[in-house]
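Shown here: upload.cif, mmCIF, C-alpha atoms and all ligand atoms.
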data_structure
loop_
_atom_site.label_atom_id
_atom_site.label_comp_id
_atom_site.auth_asym_id
_atom_site.auth_seq_id
_atom_site.Cartn_x
_atom_site.Cartn_y
_atom_site.Cartn_z
CA MET A 1 -85.59 79.20 140.55
CA ILE A 2 -88.17 77.26 142.54
CA HIS A 3 -90.65 75.29 140.51
CA ALA A 4 -91.48 76.28 136.93
CA ARG A 5 -91.93 79.83 135.69
CA PRO A 6 -95.47 81.04 136.56
CA VAL A 7 -98.02 81.81 133.91
CA SER A 8 -101.31 83.64 133.68
CA GLY A 9 -104.25 83.04 131.39
CA ARG A 10 -107.73 81.59 131.13
CA TYR A 11 -106.77 78.00 132.04
CA ARG A 12 -104.61 79.20 134.92
CA ARG A 13 -107.53 81.14 136.40
CA LEU A 14 -109.77 78.08 136.04
CA ARG A 15 -107.17 75.87 137.63
CA LEU A 16 -106.72 78.19 140.61
CA GLY A 17 -110.48 78.07 141.21
CA ALA A 18 -110.53 74.27 140.80
CA ASN A 19 -107.54 73.91 143.15
CA ALA A 20 -109.22 75.99 145.86
CA ILE A 21 -112.35 73.80 145.63
CA LEU A 22 -110.33 70.58 145.66
CA ILE A 23 -108.23 71.64 148.65
CA GLY A 24 -111.47 72.54 150.47
CA ILE A 25 -112.87 69.08 149.66
CA LEU A 26 -109.71 67.16 150.58
CA LEU A 27 -109.21 68.95 153.89
CA GLY A 28 -112.94 69.22 154.63
CA ILE A 29 -113.94 65.55 154.19
CA PRO A 30 -112.47 64.26 157.52
CA TRP A 31 -114.54 66.88 159.40
CA VAL A 32 -117.89 66.13 157.74
CA ARG A 33 -120.49 64.16 159.71
CA ILE A 34 -123.75 62.77 158.36
CA GLY A 35 -126.23 61.96 161.12
CA GLY A 36 -123.31 61.73 163.57
CA GLU A 37 -121.37 59.34 161.31
CA PRO A 38 -118.12 60.42 159.57
CA LEU A 39 -118.38 60.91 155.81
CA VAL A 40 -115.09 59.01 155.38
CA LEU A 41 -113.17 57.27 158.14
CA LEU A 42 -110.99 54.21 157.65
CA ASP A 43 -110.93 53.02 161.25
CA ILE A 44 -108.35 50.23 161.05
CA PRO A 45 -108.16 49.37 164.82
CA ALA A 46 -111.97 49.02 165.01
CA ARG A 47 -111.96 47.21 161.63
CA GLN A 48 -114.66 49.51 160.24
CA PHE A 49 -114.70 51.69 157.14
CA HIS A 50 -117.14 54.60 157.21
CA ILE A 51 -117.97 55.84 153.73
CA ALA A 52 -120.85 58.22 153.00
CA GLY A 53 -122.93 57.00 155.93
CA LEU A 54 -122.16 53.36 155.17
CA VAL A 55 -120.25 51.35 157.77
CA ILE A 56 -118.32 48.57 156.07
CA PHE A 57 -116.97 45.69 158.12
CA PRO A 58 -114.01 43.49 157.03
CA GLN A 59 -116.35 40.69 155.91
CA GLU A 60 -118.03 43.10 153.51
CA LEU A 61 -115.02 44.14 151.48
CA ILE A 62 -117.13 43.66 148.36
CA TYR A 63 -118.49 47.19 148.97
CA LEU A 64 -114.99 48.62 149.25
CA TRP A 65 -113.98 46.82 146.05
CA MET A 66 -117.06 48.16 144.29
CA ILE A 67 -116.27 51.72 145.41
CA LEU A 68 -112.70 51.29 144.14
CA ALA A 69 -114.05 49.86 140.85
CA LEU A 70 -116.33 52.89 140.51
CA LEU A 71 -113.39 55.24 141.09
CA ALA A 72 -111.22 53.33 138.59
CA LEU A 73 -113.96 53.31 135.93
CA SER A 74 -114.57 57.04 136.47
CA LEU A 75 -110.85 57.58 135.85
CA PHE A 76 -111.00 55.44 132.68
CA PHE A 77 -114.08 57.31 131.44
CA PHE A 78 -112.65 60.78 132.02
CA THR A 79 -109.23 59.78 130.63
CA ALA A 80 -110.83 58.50 127.39
CA LEU A 81 -112.88 61.67 127.17
CA ALA A 82 -110.54 64.38 128.40
CA GLY A 83 -107.04 62.86 128.59
CA ARG A 84 -105.03 63.43 131.74
CA LEU A 85 -107.54 65.79 133.29
CA TRP A 86 -106.97 64.13 136.67
CA CYS A 87 -103.18 64.67 136.59
CA GLY A 88 -103.14 68.31 135.71
CA TRP A 89 -106.26 69.47 137.48
CA ALA A 90 -107.27 67.23 140.35
CA CYS A 91 -104.36 65.10 141.58
CA PRO A 92 -103.28 66.23 145.10
CA GLN A 93 -99.67 65.88 143.92
CA THR A 94 -100.19 68.64 141.33
CA VAL A 95 -102.51 70.74 143.48
CA PHE A 96 -100.24 70.93 146.54
CA THR A 97 -97.05 71.26 144.52
CA ASP A 98 -98.67 74.33 143.01
CA VAL A 99 -99.54 75.65 146.49
CA PHE A 100 -95.88 75.28 147.51
CA ALA A 101 -94.77 77.10 144.34
CA ILE A 102 -97.18 79.98 145.02
CA ILE A 103 -95.88 80.30 148.60
CA GLY A 104 -92.27 80.23 147.39
CA ARG A 105 -92.79 82.90 144.76
CA PHE A 106 -94.75 85.12 147.14
CA VAL A 107 -92.22 84.95 149.98
CA GLN A 108 -89.15 85.16 147.75
CA GLY A 109 -90.43 88.29 146.08
CA TRP A 110 -90.97 87.29 142.47
CA LYS A 111 -91.84 90.22 140.26
CA GLY A 112 -94.48 88.91 137.88
CA HIS A 113 -92.87 86.04 135.99
CA ARG A 114 -89.31 86.89 137.05
CA ALA A 115 -87.37 85.42 139.94
CA PRO A 116 -85.25 87.88 141.96
CA ARG A 117 -81.51 87.76 141.16
CA LYS A 118 -80.60 87.25 144.80
CA ILE A 119 -82.87 85.82 147.48
CA ALA A 120 -82.22 86.84 151.11
CA ALA A 121 -81.56 83.96 153.50
CA TRP A 122 -84.50 84.95 155.71
CA ARG A 123 -86.85 84.65 152.72
CA VAL A 124 -85.58 81.16 151.97
CA ALA A 125 -85.94 80.22 155.66
CA LEU A 126 -89.48 81.65 155.80
CA THR A 127 -90.41 79.70 152.66
CA HIS A 128 -89.42 76.46 154.36
CA VAL A 129 -91.20 77.39 157.61
CA LEU A 130 -94.42 78.00 155.66
CA TRP A 131 -93.95 74.81 153.64
CA ILE A 132 -93.55 72.86 156.89
CA ALA A 133 -96.67 74.53 158.36
CA VAL A 134 -98.70 73.57 155.27
CA SER A 135 -97.23 70.05 155.38
CA VAL A 136 -98.35 69.65 159.01
CA VAL A 137 -101.88 70.77 158.07
CA VAL A 138 -101.93 68.38 155.08
CA GLY A 139 -100.43 65.54 157.17
CA PHE A 140 -102.99 66.12 159.93
CA HIS A 141 -105.87 65.87 157.45
CA LEU A 142 -104.41 62.77 155.77
CA VAL A 143 -104.25 61.12 159.21
CA GLY A 144 -107.81 62.45 159.69
CA TYR A 145 -108.98 59.87 157.13
CA PHE A 146 -107.88 57.15 159.59
CA VAL A 147 -108.35 58.82 163.00
CA SER A 148 -111.23 61.23 163.58
CA PRO A 149 -109.86 64.82 163.66
CA TYR A 150 -112.39 65.51 166.42
CA GLU A 151 -110.41 63.03 168.53
CA LEU A 152 -106.93 63.80 167.20
CA LEU A 153 -106.99 67.59 167.54
CA PRO A 154 -107.81 67.69 171.31
CA GLN A 155 -105.15 65.04 171.88
CA LEU A 156 -102.56 67.16 170.06
CA LEU A 157 -103.57 70.34 171.89
CA ALA A 158 -103.39 68.58 175.25
CA GLY A 159 -100.06 66.95 174.37
CA GLU A 160 -101.60 63.52 174.94
CA THR A 161 -101.33 62.02 171.46
CA PRO A 162 -100.51 58.31 171.50
CA PRO A 163 -97.00 57.70 170.05
CA THR A 164 -98.32 55.67 167.07
CA ARG A 165 -100.61 58.50 165.99
CA LEU A 166 -97.90 61.09 166.51
CA GLY A 167 -95.52 58.96 164.45
CA PHE A 168 -98.14 58.55 161.69
CA LEU A 169 -98.72 62.32 161.63
CA THR A 170 -94.97 63.01 161.54
CA VAL A 171 -94.45 60.60 158.63
CA MET A 172 -97.35 62.09 156.62
CA ALA A 173 -96.21 65.68 157.25
CA THR A 174 -92.58 64.86 156.39
CA LEU A 175 -93.58 63.07 153.19
CA SER A 176 -95.77 66.02 152.20
CA TYR A 177 -92.92 68.48 152.78
CA LEU A 178 -90.38 66.46 150.81
CA ASP A 179 -92.81 65.55 148.04
CA PHE A 180 -94.41 68.93 147.34
CA GLY A 181 -91.28 70.97 148.07
CA PHE A 182 -88.55 68.89 146.44
CA VAL A 183 -89.78 65.84 144.51
CA LYS A 184 -92.54 67.82 142.77
CA GLN A 185 -93.45 66.56 139.29
CA THR A 186 -90.51 64.13 139.29
CA PHE A 187 -93.03 61.86 140.96
CA CYS A 188 -95.34 62.14 137.92
CA ARG A 189 -92.48 61.54 135.51
CA THR A 190 -90.88 58.56 137.22
CA LEU A 191 -93.12 56.94 139.83
CA CYS A 192 -96.79 57.46 139.05
CA PRO A 193 -98.31 54.21 137.69
CA TYR A 194 -101.28 56.03 136.13
CA ALA A 195 -98.92 57.87 133.77
CA ARG A 196 -97.70 54.49 132.52
CA PHE A 197 -101.05 53.01 131.54
CA GLN A 198 -103.11 56.07 130.64
CA GLY A 199 -101.90 55.72 127.03
CA VAL A 200 -103.97 52.56 126.56
CA LEU A 201 -107.12 54.34 127.78
CA MET A 202 -106.86 57.09 125.20
CA ASP A 203 -107.28 57.23 121.44
CA ALA A 204 -106.62 59.86 118.79
CA ASP A 205 -109.88 61.60 119.70
CA SER A 206 -109.12 61.99 123.42
CA LEU A 207 -108.40 65.55 124.49
CA VAL A 208 -104.67 66.18 124.93
CA ILE A 209 -102.32 69.11 125.09
CA GLY A 210 -100.82 69.37 121.64
CA TYR A 211 -98.87 71.62 119.30
CA ASP A 212 -100.31 72.49 115.90
CA THR A 213 -97.27 71.53 113.81
CA LYS A 214 -98.82 72.56 110.49
CA ARG A 215 -99.43 76.03 111.76
CA GLY A 216 -96.30 76.46 113.87
CA GLU A 217 -93.59 75.12 111.52
CA PRO A 218 -91.17 76.14 110.24
CA ARG A 219 -90.58 77.99 113.48
CA GLY A 220 -88.37 81.07 113.86
CA LYS A 221 -88.26 84.71 114.94
CA LYS A 222 -91.10 86.92 113.76
CA GLY A 223 -90.63 87.84 110.09
CA ARG A 224 -87.85 85.30 109.60
CA ALA A 225 -89.95 82.12 109.41
CA GLU A 226 -93.28 81.21 107.89
CA GLY A 227 -94.65 79.29 110.85
CA ASP A 228 -96.51 80.93 113.76
CA CYS A 229 -94.11 79.61 116.41
CA VAL A 230 -91.58 82.34 117.16
CA ASP A 231 -89.45 79.90 119.14
CA CYS A 232 -89.63 82.05 122.28
CA GLY A 233 -89.32 78.95 124.50
CA LEU A 234 -91.97 80.18 126.92
CA CYS A 235 -93.99 76.96 126.64
CA VAL A 236 -90.91 75.05 127.86
CA GLN A 237 -90.10 77.48 130.69
CA VAL A 238 -93.58 77.20 132.23
CA CYS A 239 -93.74 73.41 131.96
CA PRO A 240 -93.52 71.84 135.45
CA THR A 241 -92.17 68.59 133.98
CA GLY A 242 -89.65 70.42 131.80
CA ILE A 243 -90.70 69.04 128.40
CA ASP A 244 -91.12 70.72 125.04
CA ILE A 245 -94.67 70.06 123.82
CA ARG A 246 -93.54 70.86 120.27
CA ASP A 247 -91.75 67.49 120.27
CA GLY A 248 -95.15 65.77 120.27
CA LEU A 249 -97.30 63.99 122.83
CA GLN A 250 -95.16 62.76 125.71
CA LEU A 251 -95.61 60.52 128.73
CA GLU A 252 -94.36 63.32 131.00
CA CYS A 253 -97.13 65.75 130.01
CA ILE A 254 -99.62 66.06 132.90
CA ALA A 255 -102.05 68.24 130.91
CA CYS A 256 -101.68 71.16 133.29
CA THR A 257 -102.34 73.59 130.37
CA GLN A 258 -99.58 75.99 131.49
CA CYS A 259 -98.00 75.88 128.01
CA VAL A 260 -101.39 76.64 126.42
CA ASP A 261 -101.73 79.83 128.47
CA ALA A 262 -98.11 80.78 127.83
CA CYS A 263 -98.40 80.35 124.06
CA ASP A 264 -101.82 82.03 123.91
CA GLY A 265 -100.23 85.06 125.61
CA VAL A 266 -97.45 85.16 123.00
CA MET A 267 -99.93 84.83 120.13
CA GLU A 268 -102.09 87.63 121.52
CA ARG A 269 -99.10 89.94 121.83
CA LEU A 270 -98.17 89.14 118.22
CA GLY A 271 -101.76 89.72 117.06
CA ARG A 272 -102.14 86.09 115.98
CA LYS A 273 -104.89 83.56 116.63
CA ARG A 274 -104.73 81.65 119.92
CA GLY A 275 -104.48 77.86 119.96
CA LEU A 276 -101.04 77.12 118.50
CA VAL A 277 -100.65 74.97 121.60
CA ASP A 278 -104.11 73.79 122.51
CA TYR A 279 -106.24 71.41 124.51
CA ARG A 280 -107.77 69.40 121.68
CA SER A 281 -107.79 65.92 120.17
CA LEU A 282 -104.80 64.83 118.10
CA VAL A 283 -106.97 64.37 114.99
CA SER A 284 -108.31 67.89 115.46
CA LEU A 285 -104.78 69.30 115.84
CA GLU A 286 -103.79 67.52 112.65
CA GLY A 287 -106.81 69.13 110.94
CA ARG A 288 -108.39 65.80 110.06
CA ARG A 289 -111.74 66.35 111.84
CA PRO A 290 -113.23 68.31 114.72
CA VAL A 291 -113.19 66.99 118.31
CA GLU A 292 -115.55 64.04 118.65
CA TYR A 293 -116.78 63.36 122.17
CA LEU A 294 -119.27 60.49 121.81
CA ARG A 295 -117.07 57.62 120.64
CA PRO A 296 -117.37 53.84 121.18
CA ARG A 297 -114.58 53.83 123.77
CA VAL A 298 -116.11 56.66 125.80
CA LEU A 299 -119.57 55.09 125.57
CA ALA A 300 -118.20 51.66 126.60
CA TYR A 301 -116.53 53.10 129.72
CA GLY A 302 -119.68 55.14 130.44
CA VAL A 303 -121.93 52.06 130.19
CA LEU A 304 -119.55 50.03 132.39
CA LEU A 305 -119.56 52.85 134.92
CA LEU A 306 -123.35 52.97 134.97
CA LEU A 307 -123.65 49.17 135.25
CA THR A 308 -121.19 49.07 138.16
CA ALA A 309 -123.01 51.94 139.87
CA GLY A 310 -126.32 50.08 139.38
CA ALA A 311 -124.84 46.83 140.75
CA PHE A 312 -123.51 48.76 143.73
CA VAL A 313 -126.95 50.24 144.50
CA VAL A 314 -128.67 46.83 144.15
CA THR A 315 -126.06 45.08 146.35
CA LEU A 316 -126.39 47.83 148.91
CA SER A 317 -130.19 47.59 149.01
CA GLN A 318 -129.87 43.87 149.85
CA ARG A 319 -127.33 44.41 152.57
CA GLU A 320 -127.92 42.53 155.84
CA PRO A 321 -128.25 44.90 158.84
CA MET A 322 -126.20 42.42 160.90
CA GLY A 323 -123.25 40.13 160.35
CA LEU A 324 -121.91 36.93 161.88
CA HIS A 325 -118.42 35.54 161.42
CA VAL A 326 -117.57 32.22 163.06
CA ALA A 327 -114.12 30.69 163.53
CA HIS A 328 -112.90 27.61 165.35
CA ASN A 329 -110.57 28.37 168.25
CA ARG A 330 -107.43 26.72 167.02
CA ASP A 331 -105.98 26.40 170.53
CA ALA A 332 -108.89 24.12 171.52
CA LEU A 333 -110.24 22.52 168.37
CA SER A 334 -111.81 19.59 170.16
CA THR A 335 -111.74 18.80 173.85
CA ARG A 336 -113.40 16.32 176.16
CA ALA A 337 -114.87 17.76 179.36
CA ALA A 338 -114.55 16.10 182.79
CA ASP A 339 -118.07 14.69 182.45
CA GLY A 340 -117.08 13.07 179.17
CA ARG A 341 -118.81 15.50 176.83
CA LEU A 342 -117.09 16.43 173.57
CA GLY A 343 -116.62 20.17 173.12
CA ASN A 344 -115.60 22.60 170.36
CA ALA A 345 -114.73 26.23 171.10
CA PHE A 346 -115.68 28.95 168.60
CA THR A 347 -115.19 32.70 168.40
CA LEU A 348 -118.20 34.59 167.07
CA ARG A 349 -117.85 38.09 165.71
CA ILE A 350 -121.29 39.69 165.73
CA GLU A 351 -121.77 42.94 163.83
CA ASN A 352 -124.60 45.38 164.34
CA ARG A 353 -124.62 47.43 161.12
CA ALA A 354 -127.73 49.38 162.13
CA ARG A 355 -127.61 52.96 163.36
CA SER A 356 -129.14 52.08 166.72
CA GLU A 357 -128.30 49.72 169.57
CA ARG A 358 -129.75 46.22 169.09
CA ARG A 359 -130.01 42.90 170.94
CA PHE A 360 -129.17 39.69 169.15
CA SER A 361 -129.66 36.09 170.13
CA ILE A 362 -127.51 33.18 169.00
CA ALA A 363 -128.99 29.74 168.48
CA LEU A 364 -127.59 26.45 167.29
CA GLU A 365 -129.18 24.17 164.72
CA ALA A 366 -127.82 20.71 164.07
CA GLU A 367 -128.98 17.20 163.26
CA GLY A 368 -127.83 14.07 165.06
CA PRO A 369 -126.83 14.12 168.74
CA PRO A 370 -128.41 16.86 170.88
CA PHE A 371 -125.68 19.51 170.64
CA GLU A 372 -125.72 22.21 173.30
CA LEU A 373 -124.60 25.81 172.89
CA VAL A 374 -122.88 27.38 175.91
CA ALA A 375 -122.40 31.15 175.66
CA GLY A 376 -121.43 33.58 178.41
CA VAL A 377 -123.90 36.24 177.27
CA ASN A 378 -126.89 35.41 175.11
CA PRO A 379 -128.71 37.52 173.94
CA VAL A 380 -126.01 40.10 173.46
CA THR A 381 -126.54 43.88 173.22
CA ILE A 382 -124.40 45.72 170.65
CA ASP A 383 -124.00 49.46 170.14
CA ALA A 384 -124.91 51.08 166.83
CA THR A 385 -122.48 50.25 163.97
CA SER A 386 -120.30 48.17 166.27
CA ALA A 387 -119.13 44.63 166.63
CA VAL A 388 -118.41 42.31 169.55
CA GLU A 389 -116.51 39.06 169.79
CA SER A 390 -117.88 36.24 171.89
CA ARG A 391 -116.31 32.90 172.74
CA VAL A 392 -118.80 30.03 172.87
CA PHE A 393 -118.71 26.27 173.31
CA VAL A 394 -120.68 23.62 171.50
CA LEU A 395 -121.00 20.39 173.47
CA ALA A 396 -122.03 16.90 172.37
CA PRO A 397 -123.30 14.28 174.90
CA PRO A 398 -120.63 12.04 176.51
CA ASP A 399 -121.82 8.87 174.84
CA THR A 400 -121.54 10.35 171.33
CA ALA A 401 -119.31 8.28 169.08
CA PRO A 402 -116.74 10.45 167.24
CA ALA A 403 -118.09 9.36 163.84
CA GLU A 404 -121.57 10.51 164.88
CA ALA A 405 -120.32 13.82 166.23
CA LEU A 406 -118.57 14.80 163.00
CA ARG A 407 -121.45 16.89 161.71
CA GLU A 408 -122.36 20.18 160.23
CA ILE A 409 -123.74 22.60 162.79
CA ALA A 410 -125.31 25.99 162.09
CA PHE A 411 -125.04 29.16 164.17
CA VAL A 412 -128.13 31.31 163.75
CA LEU A 413 -128.04 35.02 164.58
CA SER A 414 -131.31 36.95 164.85
CA PRO A 415 -132.36 40.27 166.37
CA VAL A 416 -134.45 39.77 169.50
CA ASP A 417 -137.09 42.18 168.13
CA ALA A 418 -137.20 40.44 164.72
CA PRO A 419 -136.58 36.72 165.28
CA ASP A 420 -137.64 35.81 161.70
CA HIS A 421 -134.66 37.71 160.38
CA ARG A 422 -131.77 35.23 160.45
CA VAL A 423 -128.13 35.06 159.44
CA VAL A 424 -126.84 31.50 159.33
CA ARG A 425 -123.21 30.38 159.37
CA ARG A 426 -122.39 26.69 158.97
CA MET A 427 -119.41 25.02 160.60
CA ARG A 428 -118.22 21.49 161.20
CA PHE A 429 -118.19 19.99 164.72
CA LEU A 430 -114.85 18.24 165.16
CA PRO A 431 -114.93 15.14 167.33
CA GLY A 432 -111.19 14.89 167.88
CA GLY A 433 -108.44 16.92 166.27
CA ALA A 434 -109.84 16.65 162.73
CA SER A 435 -109.16 19.47 160.30
CA ILE A 436 -111.55 22.40 160.12
CA VAL A 437 -114.12 22.32 157.36
CA PRO A 438 -115.49 25.83 156.92
S1 LIG B 1 -94.77 79.52 123.44
FE1 LIG B 1 -95.72 79.25 121.43
S2 LIG B 1 -94.52 80.59 120.15
FE2 LIG B 1 -93.31 80.34 122.00
S3 LIG B 1 -91.99 78.58 121.56
FE3 LIG B 1 -93.81 77.77 122.51
S4 LIG B 1 -95.12 77.20 120.79
FE4 LIG B 1 -93.58 78.60 119.97
S1 LIG B 2 -96.37 70.16 128.15
FE1 LIG B 2 -97.78 71.76 128.78
S2 LIG B 2 -99.54 70.69 129.62
FE2 LIG B 2 -97.87 69.21 129.49
S3 LIG B 2 -96.94 69.29 131.50
FE3 LIG B 2 -95.80 70.74 130.22
S4 LIG B 2 -96.84 72.68 130.55
FE4 LIG B 2 -98.19 71.12 131.34
#

Output the file's structure as structure tokens, nothing else.
Amino acid sequence: MIHARPVSGRYRRLRLGANAILIGILLGIPWVRIGGEPLVLLDIPARQFHIAGLVIFPQELIYLWMILALLALSLFFFTALAGRLWCGWACPQTVFTDVFAIIGRFVQGWKGHRAPRKIAAWRVALTHVLWIAVSVVVGFHLVGYFVSPYELLPQLLAGETPPTRLGFLTVMATLSYLDFGFVKQTFCRTLCPYARFQGVLMDADSLVIGYDTKRGEPRGKKGRAEGDCVDCGLCVQVCPTGIDIRDGLQLECIACTQCVDACDGVMERLGRKRGLVDYRSLVSLEGRRPVEYLRPRVLAYGVLLLLTAGAFVVTLSQREPMGLHVAHNRDALSTRAADGRLGNAFTLRIENRARSERRFSIALEAEGPPFELVAGVNPVTIDATSAVESRVFVLAPPDTAPAEALREIAFVLSPVDAPDHRVVRRMRFLPGGASIVP
């Protein structure tokens, strides 16, 4: 048997719809452009992260951290409210494992819920061919988050893909094939860190998949036991992680609701009320009180989420449209020129975060000896959402005593068309092999 026994029911239908939407989103995101900019592109070689029209440079990792904090808080909020909703309904691991199971059952000729007694070799081979094809598509789109698919696809079709990209694609496709086809929910049971800490995010009022013990026990065949559970074992057979939900809440349960649908089907056939296995809070399953959604924990996560979102918007609204990063050239910290002048070499990384080409000028501000800035190109023209590196020298007059030259100097970046707008970076001029003071 490949994967768990299939099930039908109201949650299954909802999940299939949700899965289709999520697959569309996951595979669609790398293709989406907003005003010519990718919706999401983590361009590591160019050291730029494109997220929802925002271009984040390495010096601005605060934005990336804030986005990650927002995602983490959203996970906390929804876990407190609805348990492991992410695991069972939205995690790509669950979604694509389900796609592989559907392909397997379709190709291998399952009749309803039953696996065929004998599966022809060609059916098994075709299953793996289709799994590999899907893995290549998934791998391509995962790479598409790092390399634009508009660039990658023509390269693949022309057979001109650089070896690193081809290797990356091969690794992602192979991992997808092995993970969704063979590892499956073992990953959730043994490797997933979220499964380990989600318990601390939940309380007795969080929604979970649970078994109504009072109603179900004592279990036994119809007419032979008082409880509603007829011990048919269907809830165990459909469970992708292979657990028995009647044993209580377990770490392995990914809240996929397959056992709810399976048990509801049994109850309907027996003419009994649905919900022996249900998606409810533990206190509600124990009959202590109805499900309570607005609780201090949920409200606390919700407020934190809103505050972080507000801080993100405020920080974003104050974002500089340009950036300047200055570093001493360590191979020539301090040199003396032939004419006796003291010199320091610096590398400037100038970022144009605007959506249009701009010209920037670099100036030097310093007290003490008349320092001179020597730059190959100044002003410098930079393409939209791009960065350039420029090597410059700062020179002090020949008669400057080292003690006098050891001073703070300031590099000032300003757009040529808006000279009042300035970004200032302070450095220390080193008169002779002294350590760098940032
Ligand atoms: S599916 Fe329902 S009736 Fe059957 S064993 Fe599970 S809990 Fe009992
Ligand atoms: S116990 Fe039910 S909800 Fe949990 S993983 Fe198994 S089938 Fe899914």

Neighbouring residues of ligand LIG 1 (chain B) are defined here as those with any atom at most 12 Å from a ligand atom, counting all atoms listed in the file; list them as an NGL selection string. :A and (7 or 209-222 or 225 or 227-239 or 243-248 or 257-270 or 272-278)

Smallest atom-to-atom distance to ligand LIG 2 (chain B): which of A:Ala4, A:Leu306, A:Val200, A:Cys256, using all atoms listed in the file?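 Of all the options, A:Cys256 lies closest to ligand LIG 2 (chain B).
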
Within 12 Å of Leu85 (chain A) using all atoms listed in the file, minus same-chain residues under 4 positions, as a ChimeraX atom specification: /A:15,18,74-81,89-91,94,194-195,198,202,206-209,253-257,279

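Using only C-alpha atoms, the shortest contact distance between Tyr177 (chain A) and any of A:Val147, A:Ala133, A:Ile29, A:Ala82 is found at A:Ala133.
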
Which neighbours of Thr385 (chain A) fall inside 6 Å, counting all atoms listed in the file, when residues of the same chain fewer than 2 positions from it are skipped, and could you give them as a count of residues only? 4

In Å, rounded to a single decimal, give me how far CA of Glu372 (chain A) is from CA of Glu408 (chain A). 13.6 Å

For Phe411 (chain A), which residue among A:Pro30, A:Gly144, A:Gly323, A:Pro149 is the nearest when counting only C-alpha atoms?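 Among the listed residues, A:Gly323 lies closest to Phe411 (chain A).
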
Using only C-alpha atoms and all ligand atoms, the best pick from A:Tyr11, A:Tyr301, A:Phe182, A:Phe146 as closest to ligand LIG 2 (chain B) would be A:Tyr11
